[in-house]
$ cat work_21.cif   # mmCIF, C-alpha atoms
data_data
loop_
_atom_site.label_atom_id
_atom_site.label_comp_id
_atom_site.auth_asym_id
_atom_site.auth_seq_id
_atom_site.Cartn_x
_atom_site.Cartn_y
_atom_site.Cartn_z
CA VAL A 1 30.25 -14.70 11.04
CA THR A 2 26.73 -14.92 9.63
CA SER A 3 23.59 -14.89 11.77
CA VAL A 4 19.88 -14.05 11.85
CA ASN A 5 18.01 -12.47 14.74
CA ASN A 6 15.16 -15.01 14.48
CA ASN A 7 15.54 -18.59 13.23
CA ASN A 8 11.84 -19.37 13.47
CA PRO A 9 9.84 -16.51 11.89
CA TYR A 10 6.28 -16.49 10.56
CA LEU A 11 5.60 -16.45 6.84
CA GLY A 12 6.25 -12.88 5.67
CA GLU A 13 7.77 -11.78 9.00
CA GLN A 14 10.81 -9.53 8.75
CA ILE A 15 14.10 -10.89 10.15
CA LEU A 16 17.66 -9.55 9.94
CA PHE A 17 20.55 -11.41 8.31
CA SER A 18 24.05 -10.23 9.32
CA PHE A 19 27.40 -10.88 7.62
CA LYS A 20 30.20 -9.56 9.88
CA ILE A 21 34.01 -9.50 9.63
CA TYR A 22 36.32 -9.18 12.68
CA THR A 23 39.89 -8.03 12.09
CA ARG A 24 42.96 -6.45 13.76
CA GLU A 25 44.66 -5.79 10.44
CA ASN A 26 44.22 -3.32 7.62
CA ILE A 27 42.43 -5.31 4.97
CA SER A 28 41.19 -4.48 1.51
CA GLN A 29 38.35 -6.29 -0.22
CA SER A 30 39.12 -7.78 -3.58
CA ALA A 31 35.49 -8.76 -4.12
CA GLN A 32 32.03 -8.36 -2.67
CA PRO A 33 30.83 -10.99 -0.19
CA VAL A 34 29.42 -14.15 -1.70
CA LEU A 35 26.08 -14.54 0.12
CA PRO A 36 23.19 -17.02 -0.14
CA ASP A 37 20.86 -16.27 -3.07
CA PHE A 38 17.85 -15.61 -0.78
CA LYS A 39 15.54 -16.81 -3.57
CA ASP A 40 12.81 -17.71 -1.06
CA PHE A 41 12.83 -14.29 0.58
CA MET A 42 11.91 -10.74 -0.21
CA THR A 43 15.00 -8.69 0.68
CA GLU A 44 15.88 -5.13 1.59
CA ILE A 45 19.39 -3.89 2.47
CA ILE A 46 19.51 -2.34 5.94
CA SER A 47 23.23 -1.54 6.00
CA ASP A 48 25.78 -2.18 3.26
CA ASN A 49 28.95 -1.07 5.04
CA LYS A 50 28.49 -0.71 8.78
CA ARG A 51 31.80 -0.06 10.58
CA GLY A 52 32.43 -0.50 14.28
CA SER A 53 34.49 -2.25 16.93
CA GLU A 54 33.90 -5.16 19.30
CA VAL A 55 35.77 -6.87 22.13
CA VAL A 56 36.04 -10.68 21.87
CA ASN A 57 37.85 -12.69 24.57
CA GLY A 58 39.40 -9.50 25.91
CA VAL A 59 40.75 -8.43 22.50
CA GLU A 60 39.35 -5.47 20.57
CA TYR A 61 38.59 -5.99 16.89
CA ALA A 62 37.47 -3.66 14.13
CA THR A 63 34.26 -4.89 12.53
CA TRP A 64 32.64 -4.51 9.12
CA GLU A 65 29.01 -5.62 8.73
CA LYS A 66 26.42 -6.04 5.99
CA VAL A 67 22.80 -6.35 7.20
CA ILE A 68 19.88 -7.48 5.04
CA ALA A 69 16.20 -7.68 5.99
CA LEU A 70 14.65 -10.99 4.92
CA MET A 71 10.92 -11.68 4.59
CA PRO A 72 10.23 -15.39 3.87
CA LEU A 73 7.93 -16.13 0.95
CA LYS A 74 7.25 -19.78 1.76
CA GLU A 75 6.68 -22.00 4.79
CA GLY A 76 8.91 -24.74 6.11
CA ALA A 77 12.70 -25.21 6.28
CA ILE A 78 14.77 -22.86 4.11
CA ASP A 79 18.48 -23.65 3.79
CA LEU A 80 20.94 -20.78 3.49
CA SER A 81 24.26 -21.71 1.91
CA GLU A 82 27.67 -20.70 3.31
CA SER A 83 28.90 -17.13 2.90
CA SER A 84 32.43 -16.10 1.95
CA LEU A 85 34.67 -13.12 1.23
CA ASP A 86 38.10 -12.87 -0.42
CA ILE A 87 40.43 -10.38 1.30
CA VAL A 88 43.98 -9.10 0.88
CA TYR A 89 46.04 -8.26 4.00
CA GLU A 90 49.59 -7.46 5.14
CA ASP A 91 51.22 -10.45 6.88
CA VAL A 92 53.03 -9.36 10.07
CA ASP A 93 54.04 -11.09 13.32
CA ARG A 94 50.88 -12.43 14.93
CA SER A 95 52.51 -14.89 17.32
CA ARG A 96 50.65 -13.37 20.24
CA ARG A 97 47.34 -12.78 18.52
CA LEU A 98 44.42 -15.03 19.50
CA ASP A 99 41.59 -16.39 17.39
CA PRO A 100 38.53 -14.46 18.71
CA PHE A 101 36.35 -17.57 18.71
CA SER A 102 38.58 -20.52 19.66
CA GLY A 103 40.93 -18.57 21.94
CA ASN A 104 43.91 -20.33 20.33
CA PRO A 105 46.90 -18.49 18.83
CA PHE A 106 46.86 -17.84 15.09
CA SER A 107 49.33 -20.03 13.19
CA PHE A 108 50.91 -18.47 10.10
CA ASN A 109 53.88 -19.45 7.97
CA PHE A 110 56.10 -16.37 7.89
CA GLY A 111 58.22 -15.96 4.78
CA GLY A 112 60.73 -13.51 6.23
CA ALA A 113 61.31 -10.54 8.50
CA PHE A 114 59.32 -8.13 6.38
CA ALA A 115 55.54 -7.98 6.04
CA THR A 116 54.17 -9.56 2.89
CA GLN A 117 50.84 -9.20 1.12
CA LYS A 118 48.61 -12.25 1.31
CA LYS A 119 45.17 -13.30 0.15
CA THR A 120 42.71 -15.46 1.98
CA ARG A 121 39.06 -16.47 1.82
CA LEU A 122 36.89 -16.03 4.90
CA LYS A 123 33.94 -18.40 5.24
CA ALA A 124 30.84 -18.65 7.42
CA PRO A 125 28.90 -21.92 7.60
CA ALA A 126 25.47 -22.64 6.12
CA PHE A 127 22.39 -22.77 8.35
CA THR A 128 18.61 -23.30 8.19
CA ILE A 129 15.62 -21.05 8.90
CA ASN A 130 12.31 -22.68 9.83
CA VAL A 131 9.32 -20.61 8.69
CA LYS A 132 5.99 -20.99 10.51
CA PRO A 133 2.66 -20.76 8.65
CA LEU A 134 0.22 -17.98 9.54
CA PRO A 135 -2.56 -18.98 11.94
CA GLN A 136 -5.95 -20.09 10.63
CA PRO A 137 -8.53 -18.89 9.88
CA VAL A 138 -7.18 -16.03 7.78
CA PRO A 139 -9.50 -12.96 7.70
CA ALA A 140 -11.21 -12.19 4.39
CA ASP A 141 -9.69 -8.69 4.33
CA PHE A 142 -6.10 -9.96 4.90
CA THR A 143 -3.88 -9.19 1.89
CA GLY A 144 -0.49 -10.49 3.10
CA LEU A 145 0.82 -7.77 5.43
CA VAL A 146 2.93 -9.04 8.34
CA GLY A 147 4.33 -6.60 10.89
CA ASP A 148 2.86 -3.48 12.47
CA PHE A 149 0.81 -1.14 10.24
CA GLY A 150 -1.74 1.66 10.05
CA VAL A 151 -4.01 3.03 7.30
CA GLN A 152 -5.11 6.54 6.33
CA THR A 153 -7.52 7.76 3.63
CA SER A 154 -8.03 11.22 2.13
CA LEU A 155 -9.83 13.06 -0.68
CA SER A 156 -8.36 15.74 -2.91
CA SER A 157 -11.69 17.60 -2.56
CA THR A 158 -15.04 17.05 -0.87
CA GLN A 159 -16.99 19.16 -3.38
CA ILE A 160 -16.67 18.90 -7.15
CA THR A 161 -18.73 19.53 -10.28
CA GLN A 162 -20.32 16.64 -12.12
CA GLY A 163 -17.99 15.47 -14.88
CA ASP A 164 -14.84 16.37 -12.92
CA SER A 165 -12.74 13.83 -11.02
CA VAL A 166 -11.63 13.55 -7.41
CA THR A 167 -8.62 11.59 -6.11
CA TYR A 168 -9.21 9.10 -3.31
CA GLU A 169 -5.92 8.22 -1.61
CA VAL A 170 -5.23 5.24 0.63
CA GLN A 171 -1.90 5.15 2.47
CA ILE A 172 -0.68 2.05 4.31
CA SER A 173 2.39 2.61 6.50
CA GLY A 174 4.35 0.76 9.14
CA LYS A 175 7.09 -1.79 9.81
CA GLY A 176 7.30 -5.03 7.86
CA ASN A 177 6.79 -6.28 4.32
CA ILE A 178 5.35 -2.97 3.08
CA LYS A 179 6.11 -3.82 -0.57
CA ASN A 180 3.56 -6.64 -0.32
CA ALA A 181 0.78 -4.27 0.75
CA ASN A 182 -2.41 -4.56 -1.30
CA LEU A 183 -5.90 -3.20 -0.92
CA PRO A 184 -8.88 -5.43 -0.17
CA ALA A 185 -11.84 -5.33 -2.57
CA LEU A 186 -13.23 -1.78 -2.48
CA SER A 187 -16.70 -0.59 -3.52
CA PHE A 188 -17.32 2.71 -5.32
CA PRO A 189 -21.04 2.97 -6.17
CA SER A 190 -22.06 5.95 -8.34
CA PHE A 191 -18.49 6.43 -9.63
CA LYS A 192 -16.37 5.55 -12.62
CA VAL A 193 -13.10 4.25 -11.17
CA TYR A 194 -9.51 4.59 -12.46
CA TYR A 195 -6.57 3.12 -10.47
CA ASP A 196 -3.07 4.63 -10.61
CA LYS A 197 0.11 2.60 -10.11
CA PRO A 198 0.87 2.37 -6.35
CA GLN A 199 3.91 4.22 -5.01
CA VAL A 200 6.22 2.56 -2.46
CA ASP A 201 8.60 4.47 -0.18
CA VAL A 202 10.91 2.20 1.86
CA MET A 203 12.89 3.63 4.78
CA PRO A 204 15.50 1.18 6.13
CA SER A 205 16.84 1.84 9.62
CA THR A 206 19.45 0.08 11.74
CA GLN A 207 16.92 -2.39 13.11
CA VAL A 208 13.94 -2.73 10.79
CA VAL A 209 12.52 -1.85 7.40
CA SER A 210 9.60 0.56 7.51
CA GLY A 211 7.83 2.62 4.88
CA LYS A 212 4.57 3.43 3.21
CA LYS A 213 2.63 2.39 0.13
CA THR A 214 0.24 4.89 -1.43
CA PHE A 215 -2.71 3.99 -3.64
CA LYS A 216 -4.35 6.77 -5.68
CA ILE A 217 -7.76 6.20 -7.24
CA ALA A 218 -9.41 8.70 -9.60
CA LEU A 219 -13.20 8.80 -9.15
CA VAL A 220 -15.64 10.42 -11.60
CA PRO A 221 -19.18 10.76 -10.14
CA GLU A 222 -22.00 9.56 -12.38
CA ARG A 223 -24.66 11.75 -10.79
CA ALA A 224 -25.07 15.02 -8.94
CA GLY A 225 -25.90 15.24 -5.24
CA GLU A 226 -24.32 13.76 -2.14
CA VAL A 227 -22.40 10.57 -2.92
CA LYS A 228 -20.49 8.39 -0.45
CA ILE A 229 -17.36 6.27 -0.51
CA PRO A 230 -18.08 3.33 1.81
CA LYS A 231 -15.80 2.50 4.72
CA PHE A 232 -13.59 -0.59 4.47
CA THR A 233 -11.40 -2.77 6.68
CA LEU A 234 -7.90 -4.19 6.21
CA SER A 235 -6.25 -6.85 8.39
CA TYR A 236 -2.55 -7.58 8.97
CA PHE A 237 -0.76 -10.21 11.05
CA ASP A 238 1.24 -9.00 14.07
CA PRO A 239 4.04 -11.52 14.86
CA GLN A 240 4.62 -10.00 18.30
CA LYS A 241 1.01 -10.61 19.31
CA GLY A 242 0.67 -13.80 17.27
CA SER A 243 -2.72 -12.64 15.99
CA TYR A 244 -4.44 -10.63 13.27
CA VAL A 245 -5.21 -6.94 13.72
CA GLN A 246 -8.00 -5.22 11.79
CA LEU A 247 -7.72 -1.63 10.59
CA ALA A 248 -10.76 0.45 9.61
CA ALA A 249 -11.02 3.34 7.12
CA GLU A 250 -13.88 5.81 7.55
CA GLU A 251 -16.69 6.54 5.13
CA LYS A 252 -16.12 9.60 2.94
CA THR A 253 -18.77 11.98 1.52
CA ILE A 254 -18.51 14.06 -1.66
CA ASN A 255 -20.94 16.82 -2.66
CA VAL A 256 -21.34 16.73 -6.47
CA LEU A 257 -22.70 19.92 -8.06
CA PRO A 258 -24.56 19.85 -11.42
CA ALA A 259 -22.42 20.79 -14.39
CA LYS A 260 -22.51 24.55 -15.10
CA ASP A 261 -23.20 24.14 -18.83
CA GLN A 262 -25.91 21.55 -18.28
CA THR A 263 -29.18 22.75 -19.97
CA THR A 264 -32.56 21.17 -20.60
CA ASN A 265 -33.12 20.13 -24.19
CA ALA A 266 -36.21 21.47 -25.96
CA VAL A 267 -38.54 18.69 -27.11
CA LEU A 268 -41.07 18.86 -29.93
CA PRO A 269 -44.35 17.01 -29.35
CA SER A 270 -45.12 14.34 -31.88
CA THR A 271 -47.69 15.33 -34.48
CA SER A 272 -47.71 12.00 -36.25
CA PRO A 273 -47.22 9.05 -33.90
CA SER A 274 -47.21 6.60 -36.77
CA ASP A 275 -44.11 8.26 -38.19
CA VAL A 276 -42.09 8.16 -34.94
CA ASN A 277 -39.88 5.15 -34.04
CA ALA A 278 -40.64 3.43 -30.76
CA ASN A 279 -37.76 2.68 -28.41
CA ALA A 280 -36.71 -0.84 -27.59
CA GLY A 281 -37.65 -0.63 -23.93
CA GLY A 282 -41.38 0.04 -23.81
CA GLY A 283 -42.56 1.28 -27.17
CA GLN A 284 -42.61 4.94 -26.09
CA GLU A 285 -42.34 7.57 -28.77
CA ILE A 286 -38.94 9.18 -29.28
CA GLN A 287 -39.46 12.92 -29.61
CA PRO A 288 -37.38 15.06 -32.00
CA ILE A 289 -34.73 16.93 -29.99
CA VAL A 290 -33.68 20.51 -30.67
CA LEU A 291 -30.31 21.20 -29.03
CA ASN A 292 -29.28 24.54 -27.56
CA SER A 293 -32.44 26.46 -28.44
CA THR A 294 -34.70 28.63 -26.33
CA GLU A 295 -37.60 28.71 -28.78
CA VAL A 296 -39.22 26.01 -30.86
CA PHE A 297 -40.44 26.98 -34.36
CA ARG A 298 -43.07 25.01 -36.20
CA VAL A 299 -42.67 24.86 -39.98
CA ALA A 300 -46.06 25.22 -41.80
CA PRO A 301 -46.72 22.64 -44.52
CA PHE A 302 -46.12 23.89 -48.08
CA VAL A 303 -49.45 24.79 -49.88
CA VAL A 304 -49.67 25.08 -53.76
CA PRO A 305 -51.55 28.27 -54.84
CA GLU A 306 -54.94 27.60 -56.50
CA PHE A 307 -54.22 29.51 -59.75
CA VAL A 308 -51.05 27.52 -60.24
CA PHE A 309 -53.05 24.35 -59.85
CA TYR A 310 -55.58 25.39 -62.58
CA LEU A 311 -52.82 26.66 -64.86
CA VAL A 312 -50.97 23.35 -64.73
CA VAL A 313 -53.99 21.02 -64.76
CA ILE A 314 -56.33 22.87 -67.23
CA GLY A 315 -54.50 25.77 -68.90
CA PHE A 316 -51.44 23.91 -70.12
CA PRO A 317 -53.41 21.07 -71.85
CA LEU A 318 -55.79 23.63 -73.42
CA ILE A 319 -52.91 25.67 -74.86
CA LEU A 320 -51.38 22.50 -76.24
CA LEU A 321 -54.68 21.54 -77.91
CA ILE A 322 -54.99 24.97 -79.61
CA VAL A 323 -51.43 24.76 -80.96
CA VAL A 324 -52.06 21.30 -82.44
CA ALA A 325 -55.33 22.42 -84.05
CA ALA A 326 -53.68 25.48 -85.63
CA LYS A 327 -50.97 23.37 -87.20
CA THR A 328 -53.59 20.97 -88.60
CA LEU A 329 -55.59 23.82 -90.25
CA HIS A 330 -52.37 25.23 -91.71
CA PHE A 331 -51.53 21.98 -93.51
CA GLU A 332 -55.06 21.60 -94.94
CA SER A 333 -55.36 25.16 -96.41
CA PRO A 334 -55.08 25.43 -100.37
CA ALA A 335 -51.84 26.50 -101.84
#
$ encode --input "work_21.cif" --output "structure tokens"
Amino acid sequence: VTSVNNNNPYLGEQILFSFKIYTRENISQSAQPVLPDFKDFMTEIISDNKRGSEVVNGVEYATWEKVIALMPLKEGAIDLSESSLDIVYEDVDRSRRLDPFSGNPFSFNFGGAFATQKKTRLKAPAFTINVKPLPQPVPADFTGLVGDFGVQTSLSSTQITQGDSVTYEVQISGKGNIKNANLPALSFPSFKVYYDKPQVDVMPSTQVVSGKKTFKIALVPERAGEVKIPKFTLSYFDPQKGSYVQLAAEEKTINVLPAKDQTTNAVLPSTSPSDVNANAGGGQEIQPIVLNSTEVFRVAPFVVPEFVFYLVVIGFPLILLIVVAAKTLHFESPA
């Protein structure tokens, strides 16, 4: 038998698909069940091998069940094909056994007095699920969550030093299509923002899929002082209420201390404005910057001593003239 607990769900609403075998014999599976492909659903296995017993028409049967949570990804009619399972069983006298659904005796062709091993294929018919669209209008902060959810936010620290980072964590938890959880557009003024890959933890139970999805965002403040992370809202659709529910996350405050190694640069006043480049913004002079110094030293302009000046300008030519004259007198003297 195959069945679903809701044939007319909303888009994204979680429903349960069950594939169940009833038997009074010891059977062994030769293959896994052949189930519909569920291509139009997000799926999560609730139970892969649930054993139990059930009374049908006054007869007790052992049961084996596979349960899958289905969350439809599109609206309208979705056809699910037939399901089947190949089994191997021991053929014994069943002349007094009744079919649990028709109430009629089983009819088998017995090959002899001893039990024989037989194979058969069990089948369950195809059926259709009709998926309803979500109501309009859809809230601007709705990101696709359908079920019952809550939201929590936290900071790794409320006081950091400028240049360090703080982790802002948003955790969405609840029952429903938690894997589809996404954040609305968030605003982080005065921060550089770095998103980590979200982490999903799914916790199937016997009735529903629940879990949490955690978003971690690294924030680096761009200035010292008190900076704030604005509050935000997130809406989900509750199928039980048939309406949207809005969640609110509080505003967070971080106290950013100036960096410990932050020092004021020493600046030299301009002595020659014509030699200093103007900046592109308003033509203001860019002052020379001396980094990591506590004192500013002025370098006096280099001055040439006066005697050196006279030696080079007057003395050197005069000496050269005397040497030339001496050579001339030497050549003109008699032998």
$ residues_around --input "work_21.cif" --residues "stretch 72-76 of chain A" --least-positions-apart "6" --cutoff "10 Å" --atoms "only C-alpha atoms" --output "list in words"
Asn8, Pro9, Tyr10, Leu11, Gly12, Glu13, Gln14, Ile15, Phe38, Lys39, Asp40, Phe41, Met42, Thr43, Ile129, Asn130, Val131, Lys132, Pro133, Leu134 and Asn177 of chain A
$ resolve_selection --input "work_21.cif" --expression "the PyMOL selection byres ((chain A and resi 127) around 10)" --output "list in words"
Thr2, Ser3, Val4, Asn7, Ile78, Asp79, Leu80, Ser81, Glu82, Ala124, Pro125, Ala126, Thr128 and Ile129 of chain A
$ resolve_selection --input "work_21.cif" --expression "the PyMOL selection byres ((chain A and resi 89) around 6)" --output "PyMOL selection string"
chain A and resi 27+88+90+117-118
$ atom_distance --input "work_21.cif" --atom1 "atom CA of A:Lys179" --atom2 "atom CA of A:Val200"
6.7 Å
$ closest_residue --input "work_21.cif" --among "A:Val56, A:Lys228, A:Gln246, A:Asp48" --to "A:Thr143" --atoms "only C-alpha atoms"
A:Gln246
$ atom_distance --input "work_21.cif" --atom1 "atom CA of A:Ile229" --atom2 "atom CA of A:Pro189"
7.5 Å
